$ cat final31.txt   # compact mmCIF, N, CA and C atoms and all ligand atoms
# COMPACT_ATOMS: atom_id res chain seq x y z
N MET A 19 101.07 92.37 125.39
CA MET A 19 102.10 92.33 124.36
C MET A 19 102.34 93.75 123.86
N LYS A 20 103.62 94.12 123.77
CA LYS A 20 103.97 95.46 123.30
C LYS A 20 104.64 95.29 121.95
N LEU A 21 104.16 96.03 120.96
CA LEU A 21 104.71 95.83 119.62
C LEU A 21 104.69 97.12 118.81
N VAL A 22 105.52 97.13 117.79
CA VAL A 22 105.44 98.18 116.76
C VAL A 22 105.23 97.45 115.44
N TYR A 23 104.48 98.06 114.52
CA TYR A 23 104.29 97.38 113.25
C TYR A 23 104.08 98.37 112.11
N GLU A 24 104.28 97.86 110.92
CA GLU A 24 103.96 98.59 109.69
C GLU A 24 103.13 97.66 108.83
N LEU A 25 102.14 98.24 108.17
CA LEU A 25 101.34 97.46 107.23
C LEU A 25 101.76 97.84 105.82
N TRP A 26 102.18 96.84 105.05
CA TRP A 26 102.59 97.05 103.67
C TRP A 26 101.63 96.33 102.74
N VAL A 27 101.23 97.04 101.69
CA VAL A 27 100.36 96.44 100.68
C VAL A 27 100.96 96.77 99.32
N GLU A 28 101.24 95.74 98.55
CA GLU A 28 101.81 95.90 97.20
C GLU A 28 103.01 96.84 97.20
N GLY A 29 103.88 96.66 98.18
CA GLY A 29 105.12 97.43 98.21
C GLY A 29 105.00 98.83 98.77
N HIS A 30 103.80 99.22 99.23
CA HIS A 30 103.63 100.55 99.82
C HIS A 30 103.25 100.42 101.29
N LYS A 31 103.84 101.29 102.08
CA LYS A 31 103.47 101.29 103.49
C LYS A 31 102.16 102.05 103.65
N LEU A 32 101.17 101.38 104.20
CA LEU A 32 99.84 101.99 104.35
C LEU A 32 99.68 102.67 105.70
N GLU A 33 100.14 102.00 106.72
CA GLU A 33 100.00 102.57 108.06
C GLU A 33 101.01 101.90 108.95
N GLY A 34 101.13 102.45 110.14
CA GLY A 34 102.06 101.85 111.08
C GLY A 34 101.98 102.56 112.40
N THR A 35 102.76 102.07 113.34
CA THR A 35 102.76 102.67 114.67
C THR A 35 103.81 103.77 114.75
N ASP A 36 104.57 103.99 113.64
CA ASP A 36 105.57 105.06 113.59
C ASP A 36 106.48 105.07 114.82
N GLY A 37 106.89 103.90 115.22
CA GLY A 37 107.84 103.82 116.32
C GLY A 37 107.22 103.93 117.70
N HIS A 38 105.91 104.28 117.76
CA HIS A 38 105.26 104.34 119.07
C HIS A 38 104.70 102.97 119.40
N PRO A 39 105.25 102.31 120.38
CA PRO A 39 104.78 100.96 120.67
C PRO A 39 103.32 100.94 121.07
N LYS A 40 102.66 99.90 120.63
CA LYS A 40 101.25 99.69 120.95
C LYS A 40 101.21 98.53 121.94
N THR A 41 100.49 98.71 123.02
CA THR A 41 100.35 97.63 123.99
C THR A 41 98.96 97.04 123.85
N VAL A 42 98.88 95.76 123.65
CA VAL A 42 97.58 95.13 123.42
C VAL A 42 97.38 93.96 124.37
N LEU A 43 96.13 93.76 124.72
CA LEU A 43 95.73 92.64 125.55
C LEU A 43 95.21 91.58 124.58
N MET A 44 96.02 90.56 124.36
CA MET A 44 95.67 89.59 123.33
C MET A 44 94.33 88.92 123.66
N GLY A 45 93.52 88.80 122.63
CA GLY A 45 92.22 88.16 122.82
C GLY A 45 91.12 89.11 123.25
N HIS A 46 91.48 90.39 123.47
CA HIS A 46 90.47 91.34 123.96
C HIS A 46 90.48 92.62 123.13
N ALA A 47 89.74 92.66 122.07
CA ALA A 47 89.59 93.88 121.29
C ALA A 47 90.90 94.64 121.17
N THR A 48 91.90 94.00 120.62
CA THR A 48 93.22 94.62 120.52
C THR A 48 93.24 95.73 119.48
N GLY A 49 92.26 95.76 118.60
CA GLY A 49 92.31 96.71 117.49
C GLY A 49 93.16 96.17 116.35
N LEU A 50 93.77 95.01 116.56
CA LEU A 50 94.53 94.38 115.47
C LEU A 50 93.54 93.58 114.63
N PRO A 51 93.85 93.45 113.33
CA PRO A 51 92.98 92.59 112.52
C PRO A 51 92.98 91.18 113.12
N PRO A 52 91.81 90.52 113.14
CA PRO A 52 91.72 89.20 113.79
C PRO A 52 92.76 88.20 113.28
N GLY A 53 93.03 88.22 111.98
CA GLY A 53 94.01 87.28 111.43
C GLY A 53 95.40 87.53 111.98
N LEU A 54 95.72 88.80 112.17
CA LEU A 54 97.05 89.15 112.70
C LEU A 54 97.14 88.75 114.16
N GLU A 55 96.09 89.05 114.90
CA GLU A 55 96.09 88.70 116.32
C GLU A 55 96.28 87.19 116.49
N ALA A 56 95.57 86.42 115.68
CA ALA A 56 95.68 84.96 115.78
C ALA A 56 97.11 84.51 115.50
N ALA A 57 97.77 85.17 114.53
CA ALA A 57 99.12 84.78 114.16
C ALA A 57 100.13 85.14 115.25
N LEU A 58 99.77 86.09 116.10
CA LEU A 58 100.72 86.56 117.11
C LEU A 58 100.60 85.85 118.45
N LEU A 59 99.52 85.10 118.62
CA LEU A 59 99.33 84.40 119.90
C LEU A 59 100.56 83.53 120.15
N ASP A 60 101.05 83.54 121.35
CA ASP A 60 102.17 82.68 121.76
C ASP A 60 103.51 83.02 121.11
N LYS A 61 103.61 84.18 120.44
CA LYS A 61 104.90 84.55 119.85
C LYS A 61 105.79 85.20 120.92
N GLU A 62 107.08 84.99 120.77
CA GLU A 62 108.08 85.58 121.65
C GLU A 62 108.53 86.93 121.07
N PRO A 63 109.17 87.79 121.88
CA PRO A 63 109.72 89.03 121.32
C PRO A 63 110.65 88.73 120.15
N GLY A 64 110.63 89.61 119.15
CA GLY A 64 111.47 89.42 117.98
C GLY A 64 110.84 90.09 116.78
N HIS A 65 111.49 89.93 115.62
CA HIS A 65 110.98 90.53 114.39
C HIS A 65 110.19 89.49 113.60
N TYR A 66 109.09 89.93 113.05
CA TYR A 66 108.26 89.01 112.29
C TYR A 66 107.75 89.69 111.03
N ARG A 67 107.52 88.87 110.01
CA ARG A 67 106.79 89.31 108.82
C ARG A 67 105.63 88.37 108.69
N ILE A 68 104.44 88.91 108.76
CA ILE A 68 103.25 88.06 108.70
C ILE A 68 102.39 88.55 107.55
N THR A 69 102.10 87.66 106.63
CA THR A 69 101.27 88.03 105.49
C THR A 69 99.89 87.41 105.65
N LEU A 70 98.90 88.26 105.62
CA LEU A 70 97.52 87.77 105.73
C LEU A 70 96.96 87.61 104.33
N PRO A 71 96.25 86.53 104.11
CA PRO A 71 95.66 86.31 102.79
C PRO A 71 94.64 87.40 102.47
N PRO A 72 94.52 87.74 101.19
CA PRO A 72 93.58 88.82 100.84
C PRO A 72 92.15 88.44 101.15
N GLU A 73 91.41 89.48 101.52
CA GLU A 73 89.95 89.34 101.63
C GLU A 73 89.46 89.17 100.19
N PRO A 74 88.58 88.22 99.94
CA PRO A 74 88.17 88.02 98.54
C PRO A 74 87.44 89.24 97.98
N HIS A 75 87.69 89.49 96.71
CA HIS A 75 87.00 90.56 96.00
C HIS A 75 85.70 89.97 95.48
N ASN A 76 84.59 90.52 95.91
CA ASN A 76 83.29 89.96 95.52
C ASN A 76 82.78 90.66 94.26
N PRO A 77 82.76 89.93 93.15
CA PRO A 77 82.36 90.58 91.88
C PRO A 77 80.92 91.10 91.93
N ALA A 78 80.08 90.52 92.80
CA ALA A 78 78.69 90.98 92.87
C ALA A 78 78.60 92.39 93.46
N LEU A 79 79.69 92.85 94.11
CA LEU A 79 79.64 94.18 94.72
C LEU A 79 80.24 95.25 93.80
N ARG A 80 80.53 94.85 92.56
CA ARG A 80 81.05 95.81 91.59
C ARG A 80 79.99 95.96 90.50
N VAL A 81 79.51 97.15 90.34
CA VAL A 81 78.41 97.34 89.38
C VAL A 81 78.71 98.52 88.47
N GLU A 82 78.12 98.44 87.27
CA GLU A 82 78.22 99.55 86.34
C GLU A 82 76.86 100.20 86.21
N VAL A 83 76.85 101.51 86.32
CA VAL A 83 75.58 102.22 86.18
C VAL A 83 75.81 103.38 85.22
N SER A 84 74.73 104.02 84.83
CA SER A 84 74.92 105.20 84.00
C SER A 84 74.83 106.42 84.90
N ALA A 85 75.62 107.42 84.58
CA ALA A 85 75.76 108.58 85.46
C ALA A 85 74.40 109.20 85.78
N SER A 86 73.47 109.14 84.83
CA SER A 86 72.17 109.78 85.03
C SER A 86 71.33 109.06 86.08
N GLU A 87 71.70 107.79 86.40
CA GLU A 87 70.94 107.08 87.43
C GLU A 87 71.36 107.50 88.83
N LEU A 88 72.47 108.22 88.92
CA LEU A 88 73.01 108.54 90.25
C LEU A 88 72.36 109.81 90.80
N PRO A 89 72.24 109.88 92.12
CA PRO A 89 71.58 111.05 92.73
C PRO A 89 72.37 112.34 92.53
N GLU A 90 73.67 112.26 92.37
CA GLU A 90 74.46 113.46 92.09
C GLU A 90 75.60 113.10 91.16
N PRO A 91 76.17 114.08 90.47
CA PRO A 91 77.20 113.77 89.49
C PRO A 91 78.38 113.03 90.14
N PRO A 92 78.85 111.96 89.49
CA PRO A 92 79.91 111.16 90.09
C PRO A 92 81.26 111.85 90.00
N ARG A 93 82.10 111.60 91.01
CA ARG A 93 83.50 111.98 90.90
C ARG A 93 84.33 110.83 91.46
N LEU A 94 85.50 110.63 90.86
CA LEU A 94 86.37 109.53 91.29
C LEU A 94 86.68 109.65 92.77
N GLY A 95 86.58 108.54 93.47
CA GLY A 95 86.87 108.55 94.90
C GLY A 95 85.66 108.91 95.74
N GLY A 96 84.61 109.39 95.11
CA GLY A 96 83.39 109.71 95.83
C GLY A 96 82.64 108.43 96.17
N GLY A 97 81.55 108.57 96.88
CA GLY A 97 80.82 107.37 97.25
C GLY A 97 79.33 107.61 97.34
N TYR A 98 78.58 106.53 97.24
CA TYR A 98 77.14 106.56 97.38
C TYR A 98 76.74 105.46 98.33
N SER A 99 75.82 105.75 99.23
CA SER A 99 75.35 104.64 100.05
C SER A 99 74.27 103.92 99.26
N GLY A 100 74.25 102.62 99.42
CA GLY A 100 73.29 101.83 98.67
C GLY A 100 73.07 100.51 99.38
N GLU A 101 72.49 99.59 98.65
CA GLU A 101 72.21 98.29 99.24
C GLU A 101 72.93 97.21 98.47
N GLY A 102 73.36 96.19 99.18
CA GLY A 102 74.00 95.04 98.55
C GLY A 102 72.97 94.07 98.03
N PRO A 103 73.46 92.98 97.43
CA PRO A 103 72.55 91.98 96.84
C PRO A 103 71.55 91.43 97.86
N GLU A 104 71.92 91.41 99.14
CA GLU A 104 70.99 90.89 100.15
C GLU A 104 70.32 92.00 100.94
N GLY A 105 70.35 93.20 100.40
CA GLY A 105 69.67 94.32 101.05
C GLY A 105 70.49 94.96 102.17
N GLN A 106 71.74 94.54 102.34
CA GLN A 106 72.57 95.10 103.42
C GLN A 106 73.07 96.49 103.00
N PRO A 107 73.18 97.41 103.96
CA PRO A 107 73.68 98.75 103.61
C PRO A 107 75.16 98.69 103.24
N LEU A 108 75.51 99.36 102.15
CA LEU A 108 76.90 99.34 101.68
C LEU A 108 77.28 100.72 101.20
N LEU A 109 78.58 100.98 101.22
CA LEU A 109 79.08 102.21 100.62
C LEU A 109 79.74 101.85 99.30
N TYR A 110 79.21 102.39 98.23
CA TYR A 110 79.79 102.14 96.91
C TYR A 110 80.75 103.26 96.57
N ARG A 111 81.98 102.91 96.25
CA ARG A 111 82.96 103.91 95.85
C ARG A 111 82.97 104.01 94.33
N VAL A 112 83.18 105.21 93.82
CA VAL A 112 83.31 105.41 92.38
C VAL A 112 84.75 105.05 92.01
N VAL A 113 84.92 103.97 91.23
CA VAL A 113 86.28 103.54 90.89
C VAL A 113 86.65 103.84 89.44
N ALA A 114 85.66 104.09 88.58
CA ALA A 114 85.97 104.46 87.19
C ALA A 114 84.81 105.23 86.60
N ILE A 115 85.15 106.21 85.78
CA ILE A 115 84.13 106.97 85.05
C ILE A 115 84.58 107.02 83.60
N GLU A 116 83.73 106.49 82.72
CA GLU A 116 84.04 106.57 81.29
C GLU A 116 82.81 107.15 80.61
N GLY A 117 82.84 108.44 80.36
CA GLY A 117 81.66 109.08 79.78
C GLY A 117 80.49 108.94 80.72
N GLU A 118 79.43 108.32 80.22
CA GLU A 118 78.21 108.13 81.01
C GLU A 118 78.32 106.90 81.92
N ARG A 119 79.31 106.05 81.62
CA ARG A 119 79.39 104.79 82.37
C ARG A 119 80.23 104.96 83.63
N VAL A 120 79.63 104.61 84.75
CA VAL A 120 80.30 104.76 86.04
C VAL A 120 80.40 103.40 86.70
N THR A 121 81.61 103.05 87.15
CA THR A 121 81.79 101.79 87.86
C THR A 121 81.84 102.06 89.35
N LEU A 122 80.97 101.37 90.08
CA LEU A 122 80.90 101.51 91.54
C LEU A 122 81.36 100.19 92.16
N ASP A 123 82.06 100.29 93.26
CA ASP A 123 82.57 99.09 93.91
C ASP A 123 82.39 99.22 95.41
N ALA A 124 81.71 98.23 95.99
CA ALA A 124 81.47 98.26 97.44
C ALA A 124 82.41 97.31 98.18
N ASN A 125 83.38 96.74 97.46
CA ASN A 125 84.37 95.92 98.16
C ASN A 125 85.27 96.83 99.00
N SER A 126 85.89 96.25 100.02
CA SER A 126 86.89 96.99 100.78
C SER A 126 88.01 97.37 99.81
N PRO A 127 88.58 98.58 99.97
CA PRO A 127 89.67 98.97 99.05
C PRO A 127 90.84 97.98 99.10
N LEU A 128 90.94 97.20 100.16
CA LEU A 128 92.05 96.25 100.29
C LEU A 128 91.66 94.85 99.82
N ALA A 129 90.41 94.68 99.37
CA ALA A 129 90.00 93.35 98.93
C ALA A 129 90.90 92.88 97.79
N GLY A 130 91.26 91.62 97.84
CA GLY A 130 92.08 91.05 96.78
C GLY A 130 93.57 91.33 96.94
N LYS A 131 93.95 92.06 97.98
CA LYS A 131 95.36 92.39 98.18
C LYS A 131 95.88 91.74 99.46
N ALA A 132 97.06 91.15 99.36
CA ALA A 132 97.66 90.54 100.55
C ALA A 132 98.18 91.64 101.46
N LEU A 133 98.00 91.48 102.74
CA LEU A 133 98.46 92.46 103.72
C LEU A 133 99.72 91.92 104.38
N GLU A 134 100.80 92.66 104.26
CA GLU A 134 102.03 92.22 104.87
C GLU A 134 102.33 93.08 106.09
N TYR A 135 102.37 92.45 107.24
CA TYR A 135 102.71 93.15 108.48
C TYR A 135 104.17 92.90 108.79
N ARG A 136 104.94 93.97 108.93
CA ARG A 136 106.32 93.88 109.38
C ARG A 136 106.31 94.37 110.81
N LEU A 137 106.61 93.51 111.74
CA LEU A 137 106.44 93.95 113.11
C LEU A 137 107.52 93.44 114.03
N THR A 138 107.64 94.13 115.13
CA THR A 138 108.58 93.75 116.17
C THR A 138 107.80 93.65 117.46
N ILE A 139 107.87 92.49 118.06
CA ILE A 139 107.30 92.32 119.39
C ILE A 139 108.38 92.72 120.38
N LEU A 140 108.10 93.76 121.16
CA LEU A 140 109.11 94.28 122.08
C LEU A 140 109.11 93.51 123.40
N SER A 141 107.94 93.20 123.87
CA SER A 141 107.88 92.45 125.12
C SER A 141 106.54 91.74 125.23
N VAL A 142 106.54 90.70 125.99
CA VAL A 142 105.32 89.93 126.22
C VAL A 142 105.26 89.68 127.72
N ARG A 143 104.10 89.94 128.31
CA ARG A 143 103.93 89.56 129.71
C ARG A 143 102.53 89.00 129.88
N PRO A 144 102.35 88.13 130.84
CA PRO A 144 101.00 87.61 131.05
C PRO A 144 100.08 88.73 131.53
N ALA A 145 98.83 88.68 131.13
CA ALA A 145 97.86 89.68 131.57
C ALA A 145 97.55 89.48 133.05
N GLU A 146 97.34 90.60 133.76
CA GLU A 146 96.91 90.53 135.16
C GLU A 146 95.43 90.15 135.17
N PRO A 147 95.00 89.44 136.22
CA PRO A 147 93.57 89.05 136.29
C PRO A 147 92.65 90.26 136.15
N GLU A 148 93.07 91.41 136.74
CA GLU A 148 92.22 92.60 136.67
C GLU A 148 92.12 93.12 135.23
N GLU A 149 93.20 93.00 134.48
CA GLU A 149 93.17 93.44 133.08
C GLU A 149 92.21 92.57 132.28
N LEU A 150 92.25 91.28 132.55
CA LEU A 150 91.35 90.37 131.83
C LEU A 150 89.90 90.70 132.17
N GLU A 151 89.67 91.05 133.43
CA GLU A 151 88.33 91.40 133.86
C GLU A 151 87.85 92.67 133.15
N HIS A 152 88.76 93.67 133.05
CA HIS A 152 88.39 94.94 132.41
C HIS A 152 88.42 94.85 130.89
N GLY A 153 89.17 93.91 130.35
CA GLY A 153 89.27 93.80 128.90
C GLY A 153 90.20 94.83 128.29
N HIS A 154 91.12 95.43 129.08
CA HIS A 154 92.09 96.35 128.51
C HIS A 154 93.39 96.31 129.33
N VAL A 155 94.42 96.90 128.74
CA VAL A 155 95.72 96.90 129.39
C VAL A 155 95.79 98.01 130.43
N HIS A 156 96.43 97.75 131.56
CA HIS A 156 96.68 98.76 132.57
C HIS A 156 98.14 99.20 132.52
N GLY A 157 98.39 100.41 133.01
CA GLY A 157 99.77 100.88 133.11
C GLY A 157 100.27 101.43 131.80
N GLU A 158 101.57 101.32 131.58
CA GLU A 158 102.22 101.92 130.42
C GLU A 158 101.57 101.44 129.12
N GLY A 159 101.16 102.39 128.30
CA GLY A 159 100.54 102.05 127.02
C GLY A 159 99.08 101.63 127.16
N GLY A 160 98.54 101.69 128.36
CA GLY A 160 97.17 101.25 128.56
C GLY A 160 96.37 102.27 129.35
N VAL A 161 95.36 101.80 130.05
CA VAL A 161 94.48 102.67 130.82
C VAL A 161 95.09 102.89 132.19
N GLN A 162 95.21 104.15 132.58
CA GLN A 162 95.77 104.47 133.90
C GLN A 162 94.63 104.70 134.87
N HIS A 163 94.37 103.73 135.71
CA HIS A 163 93.35 103.95 136.76
C HIS A 163 93.46 102.88 137.83
ZN ZN B 1 90.83 98.76 133.81

$ encode --input "final31.txt" --output "structure tokens"
Amino acid sequence: MKLVYELWVEGHKLEGTDGHPKTVLMGHATGLPPGLEAALLDKEPGHYRITLPPEPHNPALRVEVSASELPEPPRLGGGYSGEGPEGQPLLYRVVAIEGERVTLDANSPLAGKALEYRLTILSVRPAEPEELEHGHVHGEGGVQH
């Protein structure tokens, strides 16, 4: 499947293919978010708007600490590696600083926000058996070998 897309979040364009078509082998590590890939299966060429539901914002991953507890002075947008409630490694971003009080958040920056994909499917063709075997696209927009 050959497509161009833009990702919009809260009215802002976050990323896109900037007019350069992306060729993907559906079902094989397309690099597309899984929810988007699922929504595109069996679609014909054309224009689509697909909104993916937000990833939930986990309140347990938002913590307030005092600046003196941190290994180095906090700055907005900075980060600290730490552990989550179950001991999993996480990156905590500094999202607010009020005097000594620092709010850290290990949620994805997109958590709680709906992702709107505006996309155009330019063409769809069945995958060649060899492509399925290799797990990637051959030829234009893919691996040349
Ligand atoms: Zn190959």

$ closest_atom_pairs --input "final31.txt" --of "chain A" --to "ligand ZN 1 (chain B)" --cutoff "6 Å" --atoms "all atoms listed in the file" --output "CSV"
residue,atom,partner,partner_atom,distance
A:Glu148,C,B:ZN1,ZN,6.0
A:Glu149,CA,B:ZN1,ZN,5.9
A:His152,CA,B:ZN1,ZN,4.7
A:His154,C,B:ZN1,ZN,5.7
A:His156,CA,B:ZN1,ZN,6.0

$ write_last_selection --input "final31.txt" --atoms "N, CA and C atoms" --output "short mmCIF file (atom, residue, chain, number, x, y, z; two decimals), in the frame of the given file"
data_model
loop_
_atom_site.label_atom_id
_atom_site.label_comp_id
_atom_site.auth_asym_id
_atom_site.auth_seq_id
_atom_site.Cartn_x
_atom_site.Cartn_y
_atom_site.Cartn_z
N GLU A 148 93.07 91.41 136.74
CA GLU A 148 92.22 92.60 136.67
C GLU A 148 92.12 93.12 135.23
N GLU A 149 93.20 93.00 134.48
CA GLU A 149 93.17 93.44 133.08
C GLU A 149 92.21 92.57 132.28
N HIS A 152 88.76 93.67 133.05
CA HIS A 152 88.39 94.94 132.41
C HIS A 152 88.42 94.85 130.89
N HIS A 154 91.12 95.43 129.08
CA HIS A 154 92.09 96.35 128.51
C HIS A 154 93.39 96.31 129.33
N HIS A 156 96.43 97.75 131.56
CA HIS A 156 96.68 98.76 132.57
C HIS A 156 98.14 99.20 132.52
#

$ atom_distance --input "final31.txt" --atom1 "atom N of Leu58 of chain A" --atom2 "atom C of Ala124 of chain A"
27.4 Å

$ closest_residue --input "final31.txt" --among "A:Ser86, A:Thr121, A:Thr41, A:Thr69" --to "Tyr135 of chain A" --atoms "all atoms listed in the file"
A:Thr69

$ residues_around --input "final31.txt" --residues "Glu24 of chain A" --least-positions-apart "3" --cutoff "6.5 Å" --atoms "all atoms listed in the file" --output "list in words"
Lys31, Leu32, Glu33, Gly34, Thr35, Glu134, Tyr135, Arg136 and Leu137 of chain A

$ atom_distance --input "final31.txt" --atom1 "atom CA of Val113 of chain A" --atom2 "atom CA of Pro51 of chain A"
25.2 Å

$ atom_distance --input "final31.txt" --atom1 "atom C of Leu133 of chain A" --atom2 "atom CA of Gly29 of chain A"
9.9 Å

$ closest_residue --input "final31.txt" --among "A:Ile68, A:Leu43, A:Leu79, A:Val27" --to "Gly153 of chain A" --atoms "all atoms listed in the file"
A:Leu43

$ residues_around --input "final31.txt" --residues "Asp123 of chain A" --least-positions-apart "2" --cutoff "8 Å" --atoms "only N, CA and C atoms" --output "JSON, numbers by chain"
{"A": [78, 79, 80, 81, 82, 108, 109, 110, 111, 112, 113, 114, 120, 121, 125, 126, 127]}

$ select_by_dssp --input "final31.txt" --residues "chain A" --states "helix (DSSP H, G or I)" --output "PyMOL selection string"
chain A and resi 52-58+77-79+85-87+147-152

$ select_by_dssp --input "final31.txt" --residues "segment 40-152 of chain A" --states "strand (DSSP E or B)" --output "VMD selection string"
chain A and resid 40 to 41 64 to 70 80 to 84 97 to 101 107 to 116 119 to 123 133 to 141

$ closest_residue --input "final31.txt" --among "A:Pro63, A:Gly130, A:Gly105, A:Pro74" --to "Val142 of chain A" --atoms "only N, CA and C atoms"
A:Pro63

$ closest_residue --input "final31.txt" --among "A:Glu62, A:Pro103, A:Ala129, A:Leu21" --to "Val42 of chain A" --atoms "all atoms listed in the file"
A:Leu21
